[in-house]
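Chemist: The structure is given below, and queries will be raised subsequently.
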Amino acid sequence: MIVGAGPVGLTAARLMQEKGIPFVLIEAAEQLSEDLRASTFHPPTLEMLDTLGAGAPLIAQGLIGRTWQIRLHPSGEKALFDLAAIADDTAHPYRLQCTQATLCRILLAQVRERGGDVRMGMAADAIEQDDNGVRVTAKAADGSTEIFEGGWLIGADGARSRVRGEVATSFEGKTYPETTILATTRFPFEEHLPGLSNVNYVWKDAGTFSLLRLPDLWRCSLYPDGDETIEDAVRPESIARKLQEIAPSDTPHIVDEIRPYRIHMRIVDRYRNGRILLAGDAAHLNSPSGGMGMNGGIHDAFELVNTLEQVIDGVSPDLLDRYTRRRRPIAEDEILKQADRNRSRMQERDPARRREMLAELQAIAADPDKARAHLLRTSMYTGLARAAEIA
């Protein structure tokens with residue numbers, strides 16, 4: 001059984017179909033979420049999705065970004081990282097900019113086309129397990145209930161996971177003090193800011209912002225200025241002022257969506273309790289800086305299902321403890337801590353220190369060996385290789 005029809009749960013379902021493992025997937029929402037959440041796919045994730053037949057249709061609907069950068073505004077000075085440096089390591093030497101909702105639609109269609117059992121509008125309520133299996137009582141919107149039984153349960157039900165409480169005894173970490181304000185616009189920043197990549201992390205005077213390009217819009221991560229309250233910062237006039245500071249224009253920056261959100265850095269103490277296992281945001285939350293959260297969750301799904309297949313085929317269930325050994329330290333060291341470092345760097349306010357960091361990054365980008373190592377790490381290959389070595 002799988003709880004959660006996000007990118008992690010649907011990836012697990014598709015992989016189970018490829019392996020001939022029967023499953024049922026239940027999802028509390030009646031329709032897939034269209035919220036603009038994760039939007040960056042790293043090369044190894046695309047390689048994994050290729051094995052499911054989902055890579056090509058995703059790429060066809062996304063925007064290929066062969067470079068990403070850290071930038072000073074308004075001077076435009078930057079450290080530019082070109083993924084051509086890892087072209088010998090992957091068939092996808094780029095970041096793909098595409099919404100996670102697009103991937104979910106692709107995967108759900110494939111699951112259903114192949115006869116997969118997906119129950120939308122069924123929220124996991126009570127969960128019980130014994131030596132022989134797991135029982136989930138799910139509740140529909142009309143109050144009716146249905147009982148699902150299976151040998152194993154994967155909790156891929158996101159940041160507000162219901163399944164997490166059946167596995168973890170702690171979910172330690174922190175909530176960052178700042179509030180991020182997401183503003184989406186179809187304004188052509190690329191025509192106003194020379195040399196932009198599709199992914200740009202930017203220092204401005206006494207602040208920061210980021211610009212991430214999608215096929216039909218730009219998503220801008222903004223922050224309250226100085227003593228500005230959250231209520232004031234989300235007002236259209238505040239957003240308009242900030243966008244004018246980024247790219248002055250006589251043409252208004254038409255904004256489609258404004259959404260404030262808080263960022264967390266947390267991880268469970270264990271990924272498994274008996275026959276119940278966690279993956280993705282149910283197990284770990286991190287800053288979106290670097291675009292590693294959703295990707296790490298998809299990597300969780302592959303490691304978990306590949307291990308579960310061996311157990312179903314007769315290997316001792318103790319092998320599933322290797323899933324925690326492999327994925328938890330990688331999530332902690334290569335995802336959470338790296339995302340935390342990325343966030344801390346962009347929150348730096350001292351101009352002299354910014355200059356030092358920019359020079360350090362430029363030196364890395366200019367050195368072929370250092371650039372390749374940096375890109376293998378930030379593209380998540382280093383963490384996957386490290387995990388594969390863990391017995």
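Residues are referred to by chain and number: the chain letter is A, B, ... according to the order shown in the structure tokens, the number counts from 1 in that chain, and ligands are numbered separately from 1 in the order shown.
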Taking the DSSP secondary structure from the backbone, can you list the residues of region 136-237 of chain A that are alpha helix (DSSP H), as a ChimeraX atom specification?

Modeler: /A:230-233,236-237

Chemist: Could you pull out the strand (DSSP E) residues of region 54-227 of chain A from DSSP and send them as a ChimeraX atom specification?

Modeler: /A:63-65,67-72,78-82,95-97,117-120,122-130,133-140,145-150,153-155,171-185,199-204,207-214,217-222

Chemist: Could those residues be written to a file, using C-alpha atoms, as an mmCIF file, in the first residue's frame?

Modeler:
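Output contents, as saved in selection-v8.cif:
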```
data_model
loop_
_atom_site.group_PDB
_atom_site.id
_atom_site.type_symbol
_atom_site.label_atom_id
_atom_site.label_comp_id
_atom_site.auth_asym_id
_atom_site.auth_seq_id
_atom_site.Cartn_x
_atom_site.Cartn_y
_atom_site.Cartn_z
ATOM 1 C CA LEU A 63 12.548 23.901 -20.045
ATOM 2 C CA ILE A 64 16.152 22.700 -20.278
ATOM 3 C CA GLY A 65 18.630 24.770 -18.276
ATOM 4 C CA THR A 67 23.575 26.602 -16.620
ATOM 5 C CA TRP A 68 22.683 28.045 -13.227
ATOM 6 C CA GLN A 69 24.185 30.991 -11.436
ATOM 7 C CA ILE A 70 24.733 32.993 -8.278
ATOM 8 C CA ARG A 71 24.557 36.683 -9.064
ATOM 9 C CA LEU A 72 25.022 40.187 -7.679
ATOM 10 C CA LYS A 78 27.997 36.182 -11.368
ATOM 11 C CA ALA A 79 29.410 32.732 -10.801
ATOM 12 C CA LEU A 80 28.084 30.652 -13.679
ATOM 13 C CA PHE A 81 27.979 26.864 -13.469
ATOM 14 C CA ASP A 82 27.706 25.010 -16.779
ATOM 15 C CA ARG A 95 18.527 20.919 -14.970
ATOM 16 C CA LEU A 96 14.983 20.541 -16.208
ATOM 17 C CA GLN A 97 12.619 23.305 -15.125
ATOM 18 C CA ASP A 117 -5.320 0.725 -8.388
ATOM 19 C CA VAL A 118 -5.467 4.407 -7.380
ATOM 20 C CA ARG A 119 -8.092 5.645 -4.914
ATOM 21 C CA MET A 120 -8.386 9.421 -4.879
ATOM 22 C CA MET A 122 -9.475 8.500 0.480
ATOM 23 C CA ALA A 123 -7.617 9.822 3.531
ATOM 24 C CA ALA A 124 -5.655 7.414 5.721
ATOM 25 C CA ASP A 125 -7.235 7.476 9.174
ATOM 26 C CA ALA A 126 -6.381 4.478 11.365
ATOM 27 C CA ILE A 127 -3.257 2.395 10.711
ATOM 28 C CA GLU A 128 -2.478 -0.956 12.313
ATOM 29 C CA GLN A 129 0.234 -3.526 11.691
ATOM 30 C CA ASP A 130 1.151 -7.014 12.899
ATOM 31 C CA GLY A 133 0.761 -7.121 7.286
ATOM 32 C CA VAL A 134 -0.692 -3.631 7.588
ATOM 33 C CA ARG A 135 -4.295 -2.464 7.722
ATOM 34 C CA VAL A 136 -5.327 1.087 6.786
ATOM 35 C CA THR A 137 -8.787 2.441 7.448
ATOM 36 C CA ALA A 138 -9.380 5.272 4.998
ATOM 37 C CA LYS A 139 -12.120 7.866 5.120
ATOM 38 C CA ALA A 140 -13.849 9.465 2.131
ATOM 39 C CA THR A 145 -14.756 4.335 5.323
ATOM 40 C CA GLU A 146 -12.922 1.560 3.536
ATOM 41 C CA ILE A 147 -10.316 -0.850 4.854
ATOM 42 C CA PHE A 148 -7.197 -1.630 2.839
ATOM 43 C CA GLU A 149 -4.834 -4.459 3.703
ATOM 44 C CA GLY A 150 -1.365 -5.208 2.410
ATOM 45 C CA LEU A 153 2.853 0.399 3.740
ATOM 46 C CA ILE A 154 4.808 3.274 2.191
ATOM 47 C CA GLY A 155 4.064 6.699 3.639
ATOM 48 C CA PHE A 171 11.139 14.792 13.754
ATOM 49 C CA GLU A 172 13.912 17.100 14.835
ATOM 50 C CA GLY A 173 15.074 20.268 13.154
ATOM 51 C CA LYS A 174 14.072 23.879 12.851
ATOM 52 C CA THR A 175 11.850 26.367 11.105
ATOM 53 C CA TYR A 176 13.700 29.234 9.455
ATOM 54 C CA PRO A 177 12.837 32.709 10.758
ATOM 55 C CA GLU A 178 12.188 34.362 7.404
ATOM 56 C CA THR A 179 9.047 34.013 5.319
ATOM 57 C CA THR A 180 9.506 33.446 1.597
ATOM 58 C CA ILE A 181 7.009 35.069 -0.738
ATOM 59 C CA LEU A 182 6.484 33.306 -4.036
ATOM 60 C CA ALA A 183 5.333 35.536 -6.872
ATOM 61 C CA THR A 184 4.788 34.176 -10.360
ATOM 62 C CA THR A 185 4.785 36.381 -13.425
ATOM 63 C CA VAL A 199 17.952 29.209 -12.343
ATOM 64 C CA ASN A 200 19.348 32.319 -10.623
ATOM 65 C CA TYR A 201 20.109 32.950 -6.940
ATOM 66 C CA VAL A 202 20.677 36.665 -6.462
ATOM 67 C CA TRP A 203 22.100 39.001 -3.827
ATOM 68 C CA LYS A 204 20.679 42.522 -3.771
ATOM 69 C CA GLY A 207 18.556 41.309 0.730
ATOM 70 C CA THR A 208 18.177 38.450 -1.704
ATOM 71 C CA PHE A 209 15.802 37.005 -4.274
ATOM 72 C CA SER A 210 15.762 34.162 -6.764
ATOM 73 C CA LEU A 211 14.432 33.865 -10.296
ATOM 74 C CA LEU A 212 13.512 30.430 -11.629
ATOM 75 C CA ARG A 213 12.180 30.147 -15.140
ATOM 76 C CA LEU A 214 9.482 27.697 -16.215
ATOM 77 C CA LEU A 217 6.401 31.945 -16.390
ATOM 78 C CA TRP A 218 9.047 33.055 -13.946
ATOM 79 C CA ARG A 219 8.767 32.156 -10.282
ATOM 80 C CA CYS A 220 10.296 34.808 -8.042
ATOM 81 C CA SER A 221 11.198 34.145 -4.421
ATOM 82 C CA LEU A 222 11.035 37.444 -2.541
#
```

Chemist: For a quick check of understanding, using only C-alpha atoms, which of A:Ala282, A:Arg326, A:Asn132, A:Glu191 has the smallest distance to Ala247 (chain A)?

Modeler: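 Checking each of A:Ala282, A:Arg326, A:Asn132, A:Glu191 against Ala247 (chain A), counting only C-alpha atoms, the winner is A:Glu191.
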
Chemist: One number please: CA of Thr324 (chain A) to CA of Ala54 (chain A), in Å, one decimal.

Modeler: 26.5 Å

Chemist: Within 12 Å of Lys19 (chain A), counting only C-alpha atoms, which residues show up once you throw out same-chain ones fewer than 5 positions away? Write them as a PyMOL selection string, please.

Modeler: chain A and resi 12-14+51-52+302+305-310+312-313

Chemist: Could the residues in this selection be saved with all heavy atoms as a short mmCIF file (atom, residue, chain, number, x, y, z; two decimals), in the first residue's frame?

Modeler:
```cif
data_model
loop_
_atom_site.label_atom_id
_atom_site.label_comp_id
_atom_site.auth_asym_id
_atom_site.auth_seq_id
_atom_site.Cartn_x
_atom_site.Cartn_y
_atom_site.Cartn_z
N ALA A 12 6.85 5.53 -6.81
CA ALA A 12 6.86 4.20 -6.21
C ALA A 12 5.86 3.28 -6.90
O ALA A 12 6.15 2.11 -7.18
CB ALA A 12 6.57 4.29 -4.72
N ALA A 13 4.68 3.80 -7.20
CA ALA A 13 3.65 3.00 -7.86
C ALA A 13 4.09 2.55 -9.24
O ALA A 13 3.93 1.38 -9.62
CB ALA A 13 2.35 3.80 -7.94
N ARG A 14 4.65 3.48 -10.02
CA ARG A 14 5.10 3.11 -11.37
C ARG A 14 6.23 2.09 -11.32
O ARG A 14 6.29 1.16 -12.13
CB ARG A 14 5.57 4.36 -12.13
CG ARG A 14 4.49 5.08 -12.86
CD ARG A 14 3.91 4.21 -14.02
NE ARG A 14 4.91 4.05 -15.08
CZ ARG A 14 5.37 2.88 -15.52
NH1 ARG A 14 4.94 1.74 -14.98
NH2 ARG A 14 6.25 2.81 -16.50
N THR A 51 13.73 5.24 -16.89
CA THR A 51 13.48 3.80 -16.76
C THR A 51 11.99 3.48 -16.63
O THR A 51 11.58 2.34 -16.82
CB THR A 51 14.22 3.21 -15.55
OG1 THR A 51 13.66 3.72 -14.33
CG2 THR A 51 15.71 3.55 -15.61
N LEU A 52 11.20 4.51 -16.29
CA LEU A 52 9.75 4.33 -16.16
C LEU A 52 9.00 4.83 -17.40
O LEU A 52 7.77 4.78 -17.43
CB LEU A 52 9.24 5.09 -14.92
CG LEU A 52 9.90 4.75 -13.59
CD1 LEU A 52 9.32 5.63 -12.48
CD2 LEU A 52 9.73 3.28 -13.25
N PHE A 302 12.97 5.00 -5.31
CA PHE A 302 13.70 3.98 -6.05
C PHE A 302 14.45 3.05 -5.11
O PHE A 302 14.42 1.82 -5.28
CB PHE A 302 14.65 4.64 -7.05
CG PHE A 302 14.05 4.85 -8.41
CD1 PHE A 302 13.21 5.91 -8.65
CD2 PHE A 302 14.30 3.95 -9.44
CE1 PHE A 302 12.62 6.10 -9.90
CE2 PHE A 302 13.73 4.12 -10.69
CZ PHE A 302 12.88 5.20 -10.94
N VAL A 305 11.70 0.81 -3.17
CA VAL A 305 11.02 -0.23 -3.95
C VAL A 305 12.00 -1.30 -4.42
O VAL A 305 11.68 -2.49 -4.41
CB VAL A 305 10.26 0.40 -5.14
CG1 VAL A 305 9.66 -0.69 -6.02
CG2 VAL A 305 9.16 1.33 -4.63
N ASN A 306 13.21 -0.90 -4.79
CA ASN A 306 14.21 -1.89 -5.19
C ASN A 306 14.54 -2.83 -4.04
O ASN A 306 14.75 -4.03 -4.24
CB ASN A 306 15.48 -1.20 -5.70
CG ASN A 306 15.29 -0.57 -7.07
OD1 ASN A 306 14.44 -0.99 -7.84
ND2 ASN A 306 16.10 0.44 -7.38
N THR A 307 14.58 -2.30 -2.82
CA THR A 307 14.86 -3.13 -1.65
C THR A 307 13.64 -3.98 -1.30
O THR A 307 13.77 -5.17 -0.99
CB THR A 307 15.24 -2.25 -0.45
OG1 THR A 307 16.30 -1.38 -0.83
CG2 THR A 307 15.69 -3.11 0.72
N LEU A 308 12.47 -3.39 -1.39
CA LEU A 308 11.25 -4.12 -1.07
C LEU A 308 11.04 -5.30 -2.02
O LEU A 308 10.57 -6.37 -1.61
CB LEU A 308 10.06 -3.17 -1.15
CG LEU A 308 8.73 -3.62 -0.55
CD1 LEU A 308 8.89 -4.00 0.92
CD2 LEU A 308 7.69 -2.51 -0.69
N GLU A 309 11.43 -5.12 -3.27
CA GLU A 309 11.32 -6.22 -4.24
C GLU A 309 12.13 -7.43 -3.77
O GLU A 309 11.65 -8.58 -3.86
CB GLU A 309 11.82 -5.76 -5.60
CG GLU A 309 11.77 -6.87 -6.66
CD GLU A 309 12.44 -6.46 -7.96
OE1 GLU A 309 13.41 -5.67 -7.91
OE2 GLU A 309 12.01 -6.95 -9.01
N GLN A 310 13.32 -7.18 -3.26
CA GLN A 310 14.15 -8.30 -2.79
C GLN A 310 13.51 -9.00 -1.60
O GLN A 310 13.56 -10.23 -1.49
CB GLN A 310 15.53 -7.78 -2.41
CG GLN A 310 16.31 -7.17 -3.57
CD GLN A 310 17.65 -6.62 -3.12
OE1 GLN A 310 18.51 -7.35 -2.61
NE2 GLN A 310 17.85 -5.31 -3.28
N ILE A 312 10.26 -9.12 -0.91
CA ILE A 312 9.10 -9.85 -1.42
C ILE A 312 9.54 -11.15 -2.09
O ILE A 312 8.85 -12.18 -2.02
CB ILE A 312 8.29 -8.97 -2.39
CG1 ILE A 312 7.62 -7.83 -1.61
CG2 ILE A 312 7.25 -9.77 -3.15
CD1 ILE A 312 7.00 -6.76 -2.48
N ASP A 313 10.73 -11.12 -2.70
CA ASP A 313 11.25 -12.32 -3.37
C ASP A 313 11.90 -13.30 -2.41
O ASP A 313 12.41 -14.35 -2.84
CB ASP A 313 12.27 -11.91 -4.44
CG ASP A 313 11.61 -11.29 -5.67
OD1 ASP A 313 10.38 -11.45 -5.82
OD2 ASP A 313 12.32 -10.65 -6.46
#
```

Chemist: For Met265 (chain A), which residue among A:Asp225, A:Asp333, A:Asp340, A:Glu166 is the nearest when counting only C-alpha atoms?

Modeler: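 The shortest atom-to-atom distance to Met265 (chain A) comes from A:Asp340.
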
Chemist: With distances taken over only C-alpha atoms, which of A:Ala365, A:Pro57, A:Glu356, A:Asp300 is nearest to Gly383 (chain A)?

Modeler: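 The closest residue to Gly383 (chain A) is A:Asp300.
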
Chemist: Nearest to Ile298 (chain A) among A:Val8, A:Ile258, A:Leu361, A:Ala109, with distances taken over only C-alpha atoms: which residue is it?

Modeler: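 That would be A:Val8, the residue with the smallest distance to Ile298 (chain A).
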
Chemist: Quick one: residues within 8 Å of region 290-296 of chain A, only C-alpha atoms counted, chain neighbours fewer than 4 positions away excluded, as a list in words?

Modeler: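 Final neighbour list, sorted by chain and number: Pro7, Val8, Ala38, Ser39, Thr40, Phe41, His42, Thr45, Gly280, Asp281, Leu285, Asn286, Asp300, Ala331, Ile335, Ala339, Asn342, Thr378 and Met380 of chain A.
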
Chemist: The selected residues should be written to file as a CSV table (one decimal), in the first residue's frame (atoms: N, CA and C atoms).

Modeler:
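What landed in result.csv:
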```csv
chain,number,residue,atom,x,y,z
A,7,PRO,N,4.7,13.2,-6.2
A,7,PRO,CA,5.7,12.7,-7.1
A,7,PRO,C,6.4,11.4,-6.5
A,8,VAL,N,6.5,11.3,-5.2
A,8,VAL,CA,7.2,10.2,-4.6
A,8,VAL,C,6.3,9.0,-4.6
A,38,ALA,N,7.7,22.1,-6.1
A,38,ALA,CA,9.1,21.9,-6.7
A,38,ALA,C,9.0,22.1,-8.2
A,39,SER,N,10.1,22.6,-8.8
A,39,SER,CA,10.1,22.8,-10.2
A,39,SER,C,11.5,22.5,-10.9
A,40,THR,N,12.4,21.9,-10.1
A,40,THR,CA,13.7,21.6,-10.7
A,40,THR,C,13.9,20.1,-10.6
A,41,PHE,N,14.3,19.5,-11.8
A,41,PHE,CA,14.7,18.1,-11.8
A,41,PHE,C,16.1,18.0,-12.2
A,42,HIS,N,16.9,17.2,-11.3
A,42,HIS,CA,18.3,17.1,-11.5
A,42,HIS,C,18.6,15.9,-12.5
A,45,THR,N,17.8,12.2,-11.4
A,45,THR,CA,16.3,12.0,-11.4
A,45,THR,C,15.7,11.7,-12.7
A,280,GLY,N,10.4,10.6,1.0
A,280,GLY,CA,10.1,12.0,0.6
A,280,GLY,C,9.9,12.9,1.8
A,281,ASP,N,9.0,13.9,1.7
A,281,ASP,CA,8.7,14.9,2.7
A,281,ASP,C,8.2,14.3,4.0
A,285,LEU,N,12.4,17.3,5.5
A,285,LEU,CA,12.0,18.6,4.9
A,285,LEU,C,13.2,19.4,4.9
A,286,ASN,N,13.4,20.2,3.8
A,286,ASN,CA,14.6,21.0,3.7
A,286,ASN,C,14.2,22.3,2.9
A,300,ASP,N,14.5,8.3,-2.8
A,300,ASP,CA,14.0,7.5,-1.8
A,300,ASP,C,13.1,6.4,-2.4
A,331,ALA,N,20.1,12.1,3.1
A,331,ALA,CA,19.2,13.2,3.3
A,331,ALA,C,19.7,14.2,4.3
A,335,ILE,N,21.5,16.6,1.5
A,335,ILE,CA,20.3,17.4,1.1
A,335,ILE,C,20.0,18.5,2.1
A,339,ALA,N,21.3,22.1,1.5
A,339,ALA,CA,20.3,23.2,1.3
A,339,ALA,C,20.4,24.3,2.3
A,342,ASN,N,23.2,26.5,1.3
A,342,ASN,CA,22.8,27.3,0.2
A,342,ASN,C,22.0,28.5,0.7
A,378,THR,N,26.1,19.0,-6.4
A,378,THR,CA,24.9,19.8,-6.4
A,378,THR,C,23.8,19.2,-7.3
A,380,MET,N,23.4,16.0,-7.2
A,380,MET,CA,23.0,14.8,-6.3
A,380,MET,C,23.6,13.5,-6.7
```

Chemist: Between A:Glu30, A:Arg386, A:Asn273, A:Pro22, which has the minimum distance to Asp318 (chain A) (counting only C-alpha atoms)?

Modeler: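 Nearest to Asp318 (chain A): A:Asn273.
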
Chemist: Please, what distance in Å, to one decimal, runs between CA of Ala388 (chain A) and CA of Leu278 (chain A)?

Modeler: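 Interatomic distance, CA of Ala388 (chain A) to CA of Leu278 (chain A): 18.9 Å.
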
Chemist: Could you check the closest approach to Leu83 (chain A) for each of A:Pro43, A:Pro260, A:Ala5, A:Ala101 and tell me which residue wins, using only C-alpha atoms?

Modeler: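 Looking only at the distances to Leu83 (chain A), the closest residue turns out to be A:Pro43.
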
Chemist: What does the distance between CA of Ser75 (chain A) and CA of Leu358 (chain A) come to in Å, to one decimal place?

Modeler: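 That distance, rounded to one decimal, is 12.8 Å.
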